[in-house]
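Note sheet for the following structure.
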Amino acid sequence: MKKLNLLSAFMLLFMAIGFTSCDSEPVDPLLIGNEEEPTGPAIFKVDFSGATYTADEAQAVVTGSSIMISGIKTSNGSVFALSVPATTTGTYDGGDGVMMSYKPTLASTFMYMNVDPTLELEDPTGTITITSINTTAKTISGTFNFTGYWSDETANQPNIAFTNGSFQNIPYTGNVGPQPTSLFKVNIDGTLYTADESLATIGEGLISVAGMRGNNGEMVAIIVNATTTGTYTDAAIMAYYESDEDENGYNNFLENPGTVTISNIDTVNNTISGTFSFTGVNDAGQEKVFTNGVFENVPYTTENTSDDVLKATVDGTFIDYANSVAVTFVGVGNDGNIGIVGIGADGAGIRLSISNALAEGIYPISNATDATVRGYFSVSEDNEFAASTGSLTITSKANGRIAGTFQYTVTDGSSTVHQVTTGQFDVEYDW
């Protein structure tokens with residue numbers, strides 16, 4: 001599928017995009033209770049390239065129609081992602097729509113997937129067997145195997161056989177049994193588009209939602225640079241692909257910001273709801289107008305493979321931004337600038353801007369035009385204010401990571417003073 005080369009972020013976040021899933025009944029706790037449940041620690045492992053990969057962390061999500069499992073190595077950010085369009089024990093293969101992938105490092109643009117990108121109609125390879133779902137302990141166990149194809153078909157990378165895969169006692173979130181009915185729809189040039197299937201993820205500082213229709217890869221996708229409810233314009237990317245063959249699609253990447261409103265994130269049922277609209281433009285300059293977009297009760301998974309740290313006490317309240325921290329690097333070498341952003345549950349956020357020319361040491365934070373370190377506080381997406389005083393200490397900077405502490409004072413447009421104290425950061429910025 002050619003779009004693997006274009007928006008690999010979507011492919012990592014939406015493990016089942018472009019494939020037909022089969023309907024299945026919710027897990028019956030009475031049936032599960034009759035099975036012998038495995039005991040012991042959570043384990044996720046698989047053999048490939050002459051070695052055994054053992055994840056440091058593993059998690060799963062069970063929704064009304066699917067099971068999604070991930071295994072992560074925190075040392076390099078490598079991650080396995082498995083998706084089964086069912087919520088009962090049993091063995092599932094490519095014909096059922098299973099999806100599996102392996103991303104070698106956090107910085108990887110491409111990944112190994114159980115789909116040959118050069119074959120458009122071929123079923124995904126491999127099988128996943130769900131051997132146990134323990135609704136008391138909320139854990140899931142099973143086995144898997146697949147042949148992985150490098151998603152950049154132009155690189156001619158050899159395939160990899162992933163064998164003897166197993167996951168045992170992996171904790172899951174979400175609820176078995178009936179789930180709220182999900183909906184994803186939008187008017188495209190006045191004609192209603194209703195998705196057959198919709199998926200979402202929250203993590204790595206992003207919210208991602210996609211609605212798919214039919215068997216040819218038709219898709220509307222949304223990515224928001226935030227992890228909380230709110231209305232977003234410049235922080236939102238939206239795109240529409242008519243099929244798997246549509247390499248560029250219609251998108252708002254350039255001068256058409258569009259609007260996405262995240263109205264509800266249900267952390268009990270792991271669903272997300274909201275509205276959206278945008279004008280999409282393709283490479284030929286043709287436009288499609290997307291209006292009255294709605295997504296309701298779309299099941300989401302969490303994706304946080306980063307070990308980046310951002311913490312601070314803001315106006316007397318300690319906030320850990322682990323689930324929303326985002327890092328940017330703009331420029332080249334010492335002329336570059338490191339940006340570190342964190343958004344709190346209330347939508348307010350903090351941001352640091354650090355010149356890459358700085359080494360370990362203590363530096364003032366100010367709003368002067370020549371400042372090498374700046375601090376910011378935002379009460380919402382469009383209301384950000386620069387710190388007038390403060391300091392930042394770089395305690396270490398090596399191998400593409402930077403760490404340190406900070407504190408600063410901000411006065412917003414209403415003359416309210418905000419204190420950001422006991423700040424800590426430890427992030428990867430040079431991928």
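Ligands are numbered from 1 in the order shown, chains are lettered A, B, ... in the order of the structure tokens, and residues start at 1 in each chain.
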
Give me, as CSV, the closest atom pair and its distance (Å, one decimal) for every residue of stretch 179-219 of chain A within a cut-off of 12 Å of stretch 259-263 of chain A, counting only C-alpha atoms, rows sorted by chain and rising number.
residue,atom,partner,partner_atom,distance
A:Ile202,CA,A:Ile262,CA,11.8
A:Leu206,CA,A:Ile262,CA,11.9
A:Ile207,CA,A:Ile262,CA,9.1
A:Ser208,CA,A:Ile262,CA,10.8
A:Val209,CA,A:Ile262,CA,10.5

I need the residues from that last selection saved to file as an mmCIF file, in the first residue's frame (with N, CA, C and O atoms), if you can.
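Below is the file result-v3.cif, written as the result:
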data_model
loop_
_atom_site.group_PDB
_atom_site.id
_atom_site.type_symbol
_atom_site.label_atom_id
_atom_site.label_comp_id
_atom_site.auth_asym_id
_atom_site.auth_seq_id
_atom_site.Cartn_x
_atom_site.Cartn_y
_atom_site.Cartn_z
ATOM 1 N N ILE A 202 -4.415 8.160 21.684
ATOM 2 C CA ILE A 202 -4.011 9.327 22.452
ATOM 3 C C ILE A 202 -2.646 9.024 23.052
ATOM 4 O O ILE A 202 -2.469 8.010 23.720
ATOM 5 N N LEU A 206 -0.277 13.664 21.114
ATOM 6 C CA LEU A 206 -1.199 13.749 19.986
ATOM 7 C C LEU A 206 -2.511 13.035 20.267
ATOM 8 O O LEU A 206 -2.556 12.058 21.013
ATOM 9 N N ILE A 207 -3.576 13.515 19.627
ATOM 10 C CA ILE A 207 -4.826 12.781 19.486
ATOM 11 C C ILE A 207 -4.992 12.482 18.005
ATOM 12 O O ILE A 207 -4.874 13.378 17.166
ATOM 13 N N SER A 208 -5.249 11.215 17.673
ATOM 14 C CA SER A 208 -5.424 10.821 16.279
ATOM 15 C C SER A 208 -6.725 10.051 16.140
ATOM 16 O O SER A 208 -7.017 9.169 16.951
ATOM 17 N N VAL A 209 -7.504 10.384 15.123
ATOM 18 C CA VAL A 209 -8.794 9.738 14.873
ATOM 19 C C VAL A 209 -8.914 9.468 13.385
ATOM 20 O O VAL A 209 -8.543 10.317 12.571
#

Could you give me, as a Markdown table, every stretch 294-377 of chain A residue with an atom at most 12 Å from stretch 154-178 of chain A, plus its closest atom pair and distance in Å to one decimal, counting only C-alpha atoms, rows ordered by chain then number?
| residue | atom | partner | partner_atom | distance |
| --- | --- | --- | --- | --- |
| A:Pro299 | CA | A:Gly174 | CA | 9.0 |
| A:Tyr300 | CA | A:Gly174 | CA | 9.3 |
| A:Thr301 | CA | A:Thr173 | CA | 8.8 |
| A:Thr302 | CA | A:Thr173 | CA | 9.6 |

Using only C-alpha atoms, find each residue in stretch 326-424 of chain A having at least one atom no more than 8 Å away from stretch 316-322 of chain A; report its shortest atom-to-atom pair and that distance in Å (one decimal), rows by chain then rising number, as CSV.
residue,atom,partner,partner_atom,distance
A:Gly342,CA,A:Tyr321,CA,5.4
A:Ile343,CA,A:Tyr321,CA,6.6
A:Gly344,CA,A:Tyr321,CA,6.6
A:Gln419,CA,A:Gly316,CA,7.7

Can I get the selected residues back with all heavy atoms, as a PDB file, in the first residue's frame?
ATOM      1  N   GLY A 342       4.371  20.981  27.023  1.00  0.00           N
ATOM      2  CA  GLY A 342       3.506  20.099  27.797  1.00  0.00           C
ATOM      3  C   GLY A 342       2.157  20.745  28.018  1.00  0.00           C
ATOM      4  O   GLY A 342       2.085  21.945  28.308  1.00  0.00           O
ATOM      5  N   ILE A 343       1.071  19.970  27.837  1.00  0.00           N
ATOM      6  CA  ILE A 343      -0.285  20.478  28.019  1.00  0.00           C
ATOM      7  C   ILE A 343      -0.937  19.738  29.180  1.00  0.00           C
ATOM      8  O   ILE A 343      -0.931  18.507  29.218  1.00  0.00           O
ATOM      9  CB  ILE A 343      -1.143  20.291  26.752  1.00  0.00           C
ATOM     10  CG1 ILE A 343      -0.446  20.927  25.549  1.00  0.00           C
ATOM     11  CG2 ILE A 343      -2.536  20.886  26.952  1.00  0.00           C
ATOM     12  CD1 ILE A 343      -0.260  22.420  25.653  1.00  0.00           C
ATOM     13  N   GLY A 344      -1.514  20.471  30.121  1.00  0.00           N
ATOM     14  CA  GLY A 344      -2.166  19.872  31.270  1.00  0.00           C
ATOM     15  C   GLY A 344      -3.583  19.433  30.967  1.00  0.00           C
ATOM     16  O   GLY A 344      -4.127  19.695  29.888  1.00  0.00           O
ATOM     17  N   GLN A 419       3.188  31.438  38.236  1.00  0.00           N
ATOM     18  CA  GLN A 419       4.495  30.976  38.683  1.00  0.00           C
ATOM     19  C   GLN A 419       4.711  29.536  38.228  1.00  0.00           C
ATOM     20  O   GLN A 419       3.902  28.660  38.534  1.00  0.00           O
ATOM     21  CB  GLN A 419       4.590  31.052  40.211  1.00  0.00           C
ATOM     22  CG  GLN A 419       4.475  32.456  40.774  1.00  0.00           C
ATOM     23  CD  GLN A 419       5.730  33.286  40.545  1.00  0.00           C
ATOM     24  OE1 GLN A 419       6.778  32.758  40.170  1.00  0.00           O
ATOM     25  NE2 GLN A 419       5.628  34.588  40.775  1.00  0.00           N
TER      26      GLN A 419
END

Run DSSP on the backbone and grab whatever in stretch 52-267 of chain A lands in strand (DSSP E or B); send it over as a ChimeraX atom specification.
-> /A:52-54,57-62,67-73,78-84,90-93,99-103,112-113,127-134,139-150,160-173,183-188,191-194,197-203,206-213,218-224,230-232,236-241,250-251,259-266

Quick one: everything within 12 Å of A:Ala81, counting only C-alpha atoms, minus sequence neighbours fewer than 3 positions away in the same chain. Send it as a compact mmCIF listing (two decimals) with all heavy atoms, in the first residue's frame.
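Saved the output as around_32.txt:
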# COMPACT_ATOMS: atom_id res chain seq x y z
N MET A 11 -0.02 5.11 10.11
CA MET A 11 0.04 3.66 10.07
C MET A 11 0.47 3.09 11.41
O MET A 11 0.05 2.01 11.79
CB MET A 11 1.01 3.20 8.98
CG MET A 11 0.52 3.54 7.58
SD MET A 11 -1.15 2.96 7.25
CE MET A 11 -0.92 1.21 7.40
N LEU A 12 1.32 3.81 12.12
CA LEU A 12 1.70 3.33 13.45
C LEU A 12 0.55 3.48 14.43
O LEU A 12 0.28 2.59 15.23
CB LEU A 12 2.91 4.12 13.96
CG LEU A 12 3.40 3.74 15.36
CD1 LEU A 12 3.86 2.29 15.40
CD2 LEU A 12 4.50 4.66 15.80
N LEU A 13 -0.15 4.60 14.33
CA LEU A 13 -1.20 4.87 15.30
C LEU A 13 -2.46 4.06 15.03
O LEU A 13 -3.15 3.63 15.94
CB LEU A 13 -1.55 6.36 15.29
CG LEU A 13 -0.40 7.28 15.73
CD1 LEU A 13 -0.76 8.73 15.46
CD2 LEU A 13 -0.10 7.10 17.20
N PHE A 14 -2.77 3.83 13.75
CA PHE A 14 -3.96 3.08 13.39
C PHE A 14 -3.54 1.75 12.79
O PHE A 14 -3.31 1.62 11.61
CB PHE A 14 -4.82 3.86 12.40
CG PHE A 14 -5.18 5.21 12.88
CD1 PHE A 14 -4.76 6.33 12.21
CD2 PHE A 14 -5.90 5.37 14.05
CE1 PHE A 14 -5.09 7.58 12.67
CE2 PHE A 14 -6.22 6.63 14.50
CZ PHE A 14 -5.82 7.74 13.81
N MET A 15 -3.40 0.74 13.63
CA MET A 15 -2.84 -0.52 13.18
C MET A 15 -3.74 -1.24 12.20
O MET A 15 -3.28 -2.10 11.46
CB MET A 15 -2.58 -1.41 14.40
CG MET A 15 -1.54 -0.84 15.33
SD MET A 15 -1.35 -1.85 16.82
CE MET A 15 -2.88 -1.52 17.67
N ALA A 16 -4.99 -0.90 12.17
CA ALA A 16 -5.92 -1.65 11.32
C ALA A 16 -6.41 -0.86 10.12
O ALA A 16 -7.33 -1.29 9.45
CB ALA A 16 -7.12 -2.11 12.14
N PHE A 44 6.08 -10.11 27.26
CA PHE A 44 5.86 -9.97 25.82
C PHE A 44 7.20 -10.26 25.15
O PHE A 44 8.18 -9.57 25.39
CB PHE A 44 5.39 -8.56 25.48
CG PHE A 44 5.03 -8.36 24.02
CD1 PHE A 44 3.71 -8.22 23.64
CD2 PHE A 44 6.01 -8.31 23.04
CE1 PHE A 44 3.36 -8.03 22.30
CE2 PHE A 44 5.68 -8.14 21.70
CZ PHE A 44 4.35 -8.00 21.33
N ALA A 55 10.09 -7.37 25.67
CA ALA A 55 9.66 -6.00 25.93
C ALA A 55 9.87 -5.62 27.39
O ALA A 55 9.75 -6.46 28.29
CB ALA A 55 8.20 -5.82 25.54
N ALA A 58 4.45 -3.65 28.46
CA ALA A 58 3.41 -4.13 27.54
C ALA A 58 2.06 -3.69 28.06
O ALA A 58 1.86 -3.58 29.28
CB ALA A 58 3.47 -5.64 27.40
N GLN A 59 1.16 -3.41 27.14
CA GLN A 59 -0.18 -3.01 27.52
C GLN A 59 -1.16 -3.46 26.45
O GLN A 59 -0.77 -3.78 25.33
CB GLN A 59 -0.28 -1.50 27.70
CG GLN A 59 0.01 -0.71 26.44
CD GLN A 59 -0.12 0.79 26.63
OE1 GLN A 59 -0.61 1.25 27.64
NE2 GLN A 59 0.29 1.55 25.63
N ALA A 60 -2.44 -3.50 26.81
CA ALA A 60 -3.48 -3.90 25.86
C ALA A 60 -4.72 -3.07 26.10
O ALA A 60 -4.92 -2.51 27.18
CB ALA A 60 -3.80 -5.39 26.00
N VAL A 61 -5.54 -3.00 25.05
CA VAL A 61 -6.84 -2.31 25.14
C VAL A 61 -7.88 -3.23 24.54
O VAL A 61 -7.70 -3.76 23.44
CB VAL A 61 -6.82 -0.97 24.39
CG1 VAL A 61 -8.23 -0.37 24.33
CG2 VAL A 61 -5.86 0.01 25.05
N ILE A 67 -9.16 -6.09 19.97
CA ILE A 67 -8.12 -6.17 20.99
C ILE A 67 -6.85 -5.61 20.39
O ILE A 67 -6.46 -6.01 19.28
CB ILE A 67 -7.88 -7.61 21.45
CG1 ILE A 67 -9.14 -8.18 22.12
CG2 ILE A 67 -6.69 -7.70 22.41
CD1 ILE A 67 -9.05 -9.67 22.39
N MET A 68 -6.19 -4.69 21.08
CA MET A 68 -4.93 -4.12 20.61
C MET A 68 -3.88 -4.27 21.70
O MET A 68 -4.15 -3.96 22.86
CB MET A 68 -5.13 -2.65 20.22
CG MET A 68 -5.84 -2.50 18.89
SD MET A 68 -6.57 -0.88 18.60
CE MET A 68 -8.14 -1.05 19.47
N ILE A 69 -2.71 -4.77 21.32
CA ILE A 69 -1.65 -5.11 22.28
C ILE A 69 -0.35 -4.49 21.79
O ILE A 69 -0.05 -4.53 20.58
CB ILE A 69 -1.48 -6.64 22.40
CG1 ILE A 69 -2.81 -7.30 22.77
CG2 ILE A 69 -0.40 -6.99 23.42
CD1 ILE A 69 -2.85 -8.78 22.50
N SER A 70 0.46 -3.95 22.69
CA SER A 70 1.76 -3.41 22.32
C SER A 70 2.82 -3.85 23.31
O SER A 70 2.55 -4.00 24.50
CB SER A 70 1.72 -1.88 22.25
OG SER A 70 1.43 -1.32 23.51
N GLY A 71 4.03 -4.08 22.80
CA GLY A 71 5.19 -4.38 23.62
C GLY A 71 6.30 -3.41 23.28
O GLY A 71 6.62 -3.20 22.11
N ILE A 72 6.90 -2.79 24.29
CA ILE A 72 7.83 -1.68 24.09
C ILE A 72 9.14 -1.93 24.80
O ILE A 72 9.18 -2.42 25.92
CB ILE A 72 7.22 -0.37 24.64
CG1 ILE A 72 5.87 -0.07 23.96
CG2 ILE A 72 8.17 0.81 24.47
CD1 ILE A 72 5.06 0.95 24.71
N SER A 78 11.72 0.93 20.57
CA SER A 78 11.17 -0.04 19.63
C SER A 78 9.85 -0.57 20.15
O SER A 78 9.66 -0.72 21.36
CB SER A 78 12.15 -1.19 19.39
OG SER A 78 12.40 -1.89 20.59
N VAL A 84 -6.34 -7.25 16.76
CA VAL A 84 -7.25 -8.34 16.42
C VAL A 84 -8.67 -7.78 16.37
O VAL A 84 -9.13 -7.20 17.35
CB VAL A 84 -7.20 -9.48 17.46
CG1 VAL A 84 -8.15 -10.61 17.08
CG2 VAL A 84 -5.78 -10.01 17.60
N VAL A 98 -6.26 -9.36 10.94
CA VAL A 98 -5.27 -9.05 11.97
C VAL A 98 -4.21 -8.11 11.40
O VAL A 98 -3.91 -8.14 10.21
CB VAL A 98 -4.60 -10.33 12.52
CG1 VAL A 98 -5.62 -11.25 13.16
CG2 VAL A 98 -3.80 -11.05 11.44
N MET A 99 -3.64 -7.28 12.26
CA MET A 99 -2.62 -6.33 11.85
C MET A 99 -1.49 -6.38 12.84
O MET A 99 -1.71 -6.34 14.06
CB MET A 99 -3.23 -4.93 11.80
CG MET A 99 -2.43 -3.92 11.04
SD MET A 99 -2.31 -4.32 9.30
CE MET A 99 -1.08 -3.13 8.81
N MET A 100 -0.23 -6.49 12.36
CA MET A 100 0.93 -6.55 13.23
C MET A 100 2.04 -5.70 12.65
O MET A 100 2.21 -5.63 11.43
CB MET A 100 1.40 -8.00 13.41
CG MET A 100 0.44 -8.85 14.21
SD MET A 100 0.90 -10.60 14.33
CE MET A 100 0.13 -11.25 12.83
N SER A 101 2.81 -5.07 13.52
CA SER A 101 3.92 -4.23 13.05
C SER A 101 5.04 -4.21 14.08
O SER A 101 4.83 -4.50 15.26
CB SER A 101 3.44 -2.79 12.79
OG SER A 101 3.06 -2.16 13.99
N TYR A 102 6.24 -3.87 13.60
CA TYR A 102 7.41 -3.72 14.47
C TYR A 102 8.16 -2.49 14.02
O TYR A 102 8.62 -2.39 12.87
CB TYR A 102 8.32 -4.94 14.39
CG TYR A 102 9.68 -4.74 15.04
CD1 TYR A 102 9.79 -4.46 16.39
CD2 TYR A 102 10.86 -4.82 14.28
CE1 TYR A 102 11.03 -4.25 16.99
CE2 TYR A 102 12.10 -4.63 14.87
CZ TYR A 102 12.19 -4.34 16.22
OH TYR A 102 13.42 -4.14 16.80
N LYS A 103 8.29 -1.52 14.91
CA LYS A 103 9.05 -0.30 14.65
C LYS A 103 10.38 -0.41 15.39
O LYS A 103 10.40 -0.48 16.62
CB LYS A 103 8.27 0.93 15.13
CG LYS A 103 8.89 2.25 14.73
CD LYS A 103 8.03 3.41 15.22
CE LYS A 103 8.66 4.74 14.80
NZ LYS A 103 7.92 5.89 15.35
N PRO A 104 11.53 -0.47 14.68
CA PRO A 104 12.81 -0.78 15.32
C PRO A 104 13.29 0.23 16.35
O PRO A 104 13.93 -0.14 17.32
CB PRO A 104 13.79 -0.86 14.14
CG PRO A 104 12.94 -1.11 12.94
CD PRO A 104 11.66 -0.38 13.22
N MET A 111 8.56 0.99 9.20
CA MET A 111 8.45 -0.14 10.12
C MET A 111 8.22 -1.42 9.33
O MET A 111 7.92 -1.39 8.14
CB MET A 111 7.30 0.10 11.09
CG MET A 111 5.93 0.08 10.43
SD MET A 111 4.66 0.85 11.44
CE MET A 111 5.05 2.57 11.17
N TYR A 112 8.35 -2.55 10.00
CA TYR A 112 7.98 -3.84 9.43
C TYR A 112 6.51 -4.10 9.73
O TYR A 112 6.07 -3.97 10.87
CB TYR A 112 8.84 -4.96 10.02
CG TYR A 112 10.28 -4.91 9.58
CD1 TYR A 112 11.25 -4.27 10.37
CD2 TYR A 112 10.68 -5.50 8.39
CE1 TYR A 112 12.58 -4.23 9.96
CE2 TYR A 112 12.01 -5.45 7.97
CZ TYR A 112 12.95 -4.81 8.76
OH TYR A 112 14.25 -4.76 8.36
N MET A 113 5.76 -4.47 8.69
CA MET A 113 4.34 -4.74 8.86
C MET A 113 3.99 -6.07 8.22
O MET A 113 4.73 -6.57 7.37
CB MET A 113 3.50 -3.62 8.24
CG MET A 113 3.77 -2.25 8.82
SD MET A 113 2.63 -0.99 8.21
CE MET A 113 1.11 -1.55 8.99
N ASN A 114 2.88 -6.66 8.65
CA ASN A 114 2.50 -7.97 8.11
C ASN A 114 1.71 -7.84 6.81
O ASN A 114 0.84 -8.64 6.50
CB ASN A 114 1.70 -8.78 9.14
CG ASN A 114 0.34 -8.18 9.43
OD1 ASN A 114 0.18 -6.96 9.43
ND2 ASN A 114 -0.63 -9.03 9.72
N ILE A 128 -2.69 -14.54 15.11
CA ILE A 128 -2.70 -14.18 16.53
C ILE A 128 -3.70 -15.09 17.21
O ILE A 128 -4.84 -15.22 16.76
CB ILE A 128 -3.11 -12.71 16.74
CG1 ILE A 128 -2.14 -11.76 16.04
CG2 ILE A 128 -3.18 -12.39 18.24
CD1 ILE A 128 -2.54 -10.29 16.14
N PHE A 144 1.60 -15.22 18.83
CA PHE A 144 1.51 -14.61 17.50
C PHE A 144 2.75 -14.94 16.68
O PHE A 144 3.80 -15.32 17.21
CB PHE A 144 1.34 -13.10 17.59
CG PHE A 144 2.55 -12.35 18.12
CD1 PHE A 144 3.47 -11.77 17.27
CD2 PHE A 144 2.77 -12.24 19.49
CE1 PHE A 144 4.58 -11.08 17.75
CE2 PHE A 144 3.88 -11.56 20.00
CZ PHE A 144 4.78 -10.98 19.12
N PHE A 146 4.36 -13.67 12.43
CA PHE A 146 4.08 -13.06 11.12
C PHE A 146 5.38 -12.82 10.37
O PHE A 146 6.47 -12.84 10.94
CB PHE A 146 3.31 -11.74 11.28
CG PHE A 146 4.09 -10.59 11.90
CD1 PHE A 146 4.65 -9.60 11.11
CD2 PHE A 146 4.22 -10.48 13.28
CE1 PHE A 146 5.33 -8.53 11.67
CE2 PHE A 146 4.89 -9.41 13.86
CZ PHE A 146 5.46 -8.44 13.05
N GLY A 165 6.19 -15.77 19.00
CA GLY A 165 5.72 -14.61 19.74
C GLY A 165 4.72 -15.01 20.81
O GLY A 165 3.85 -15.86 20.59
N PHE A 167 2.50 -13.34 24.45
CA PHE A 167 2.20 -12.29 25.42
C PHE A 167 1.39 -12.94 26.54
O PHE A 167 0.45 -13.68 26.30
CB PHE A 167 1.43 -11.13 24.78
CG PHE A 167 0.29 -11.52 23.89
CD1 PHE A 167 -1.01 -11.63 24.38
CD2 PHE A 167 0.52 -11.81 22.55
CE1 PHE A 167 -2.06 -12.00 23.55
CE2 PHE A 167 -0.54 -12.18 21.71
CZ PHE A 167 -1.83 -12.29 22.21
N THR A 301 -6.86 3.88 21.83
CA THR A 301 -5.77 3.25 22.57
C THR A 301 -4.80 4.34 22.98
O THR A 301 -4.85 5.46 22.48
CB THR A 301 -5.03 2.20 21.72
OG1 THR A 301 -4.45 2.85 20.57
CG2 THR A 301 -5.98 1.12 21.24
N THR A 302 -3.92 4.02 23.92
CA THR A 302 -2.89 4.97 24.32
C THR A 302 -1.57 4.54 23.72
O THR A 302 -1.27 3.36 23.65
CB THR A 302 -2.77 5.04 25.85
OG1 THR A 302 -2.51 3.73 26.37
CG2 THR A 302 -4.04 5.59 26.46
N GLU A 303 -0.79 5.52 23.29
CA GLU A 303 0.49 5.25 22.64
C GLU A 303 1.51 6.19 23.24
O GLU A 303 1.49 7.40 23.00
CB GLU A 303 0.39 5.49 21.14
CG GLU A 303 1.65 5.13 20.36
CD GLU A 303 1.87 3.64 20.27
OE1 GLU A 303 0.88 2.91 20.22
OE2 GLU A 303 3.03 3.23 20.24
N THR A 305 5.45 5.67 23.74
CA THR A 305 6.68 4.89 23.72
C THR A 305 7.90 5.72 24.12
O THR A 305 9.01 5.22 24.15
CB THR A 305 6.93 4.31 22.32
OG1 THR A 305 7.05 5.39 21.37
CG2 THR A 305 5.78 3.41 21.91

Shell of 8 Å around A:Thr89, only C-alpha atoms, local chain residues under 6 positions omitted, as a ChimeraX atom specification | /A:129-133

Determine, for each residue of stretch 279-338 of chain A having at least one atom at most 9 Å from an atom of stretch 236-250 of chain A, the closest pair of atoms and their separation in Å to one decimal, counting only C-alpha atoms; order by chain and ascending number, as JSON lines.
{"residue": "A:Thr279", "atom": "CA", "partner": "A:Tyr250", "partner_atom": "CA", "distance": 8.2}
{"residue": "A:Gly280", "atom": "CA", "partner": "A:Tyr250", "partner_atom": "CA", "distance": 4.5}
{"residue": "A:Val281", "atom": "CA", "partner": "A:Tyr250", "partner_atom": "CA", "distance": 4.6}
{"residue": "A:Asn282", "atom": "CA", "partner": "A:Tyr250", "partner_atom": "CA", "distance": 4.5}
{"residue": "A:Asp283", "atom": "CA", "partner": "A:Asn248", "partner_atom": "CA", "distance": 7.0}
{"residue": "A:Gln286", "atom": "CA", "partner": "A:Tyr250", "partner_atom": "CA", "distance": 8.2}
{"residue": "A:Glu287", "atom": "CA", "partner": "A:Tyr250", "partner_atom": "CA", "distance": 7.2}
{"residue": "A:Lys288", "atom": "CA", "partner": "A:Tyr250", "partner_atom": "CA", "distance": 7.1}

Got time to write the residues from that selection, N, CA and C atoms, as a PDB file, in the first residue's frame?
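After the write, selection_18.pdb holds the following:
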ATOM      1  N   THR A 279     -11.112  22.309   4.629  1.00  0.00           N
ATOM      2  CA  THR A 279     -11.048  22.261   3.169  1.00  0.00           C
ATOM      3  C   THR A 279      -9.761  21.559   2.787  1.00  0.00           C
ATOM      4  N   GLY A 280      -9.885  20.455   2.050  1.00  0.00           N
ATOM      5  CA  GLY A 280      -8.707  19.686   1.643  1.00  0.00           C
ATOM      6  C   GLY A 280      -8.310  20.007   0.213  1.00  0.00           C
ATOM      7  N   VAL A 281      -6.996  20.109  -0.007  1.00  0.00           N
ATOM      8  CA  VAL A 281      -6.458  20.416  -1.332  1.00  0.00           C
ATOM      9  C   VAL A 281      -5.486  19.318  -1.726  1.00  0.00           C
ATOM     10  N   ASN A 282      -5.578  18.815  -2.975  1.00  0.00           N
ATOM     11  CA  ASN A 282      -4.636  17.804  -3.433  1.00  0.00           C
ATOM     12  C   ASN A 282      -3.491  18.446  -4.201  1.00  0.00           C
ATOM     13  N   ASP A 283      -2.556  17.638  -4.704  1.00  0.00           N
ATOM     14  CA  ASP A 283      -1.384  18.170  -5.384  1.00  0.00           C
ATOM     15  C   ASP A 283      -1.727  18.920  -6.661  1.00  0.00           C
ATOM     16  N   GLN A 286      -6.866  20.854  -6.618  1.00  0.00           N
ATOM     17  CA  GLN A 286      -8.309  20.649  -6.524  1.00  0.00           C
ATOM     18  C   GLN A 286      -8.726  20.623  -5.053  1.00  0.00           C
ATOM     19  N   GLU A 287      -9.954  21.066  -4.802  1.00  0.00           N
ATOM     20  CA  GLU A 287     -10.427  21.174  -3.432  1.00  0.00           C
ATOM     21  C   GLU A 287     -11.620  20.264  -3.168  1.00  0.00           C
ATOM     22  N   LYS A 288     -11.738  19.807  -1.934  1.00  0.00           N
ATOM     23  CA  LYS A 288     -12.932  19.166  -1.418  1.00  0.00           C
ATOM     24  C   LYS A 288     -13.239  19.814  -0.070  1.00  0.00           C
TER      25      LYS A 288
END

How many Å separate atom CA of A:Gly77 from atom CA of A:Val220?
-> 28.0 Å

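Of the listed residues (A:Val325, A:Ala221, A:Val294, A:Val373), A:Val325 comes nearest to A:Gly205; the distances count only C-alpha atoms.
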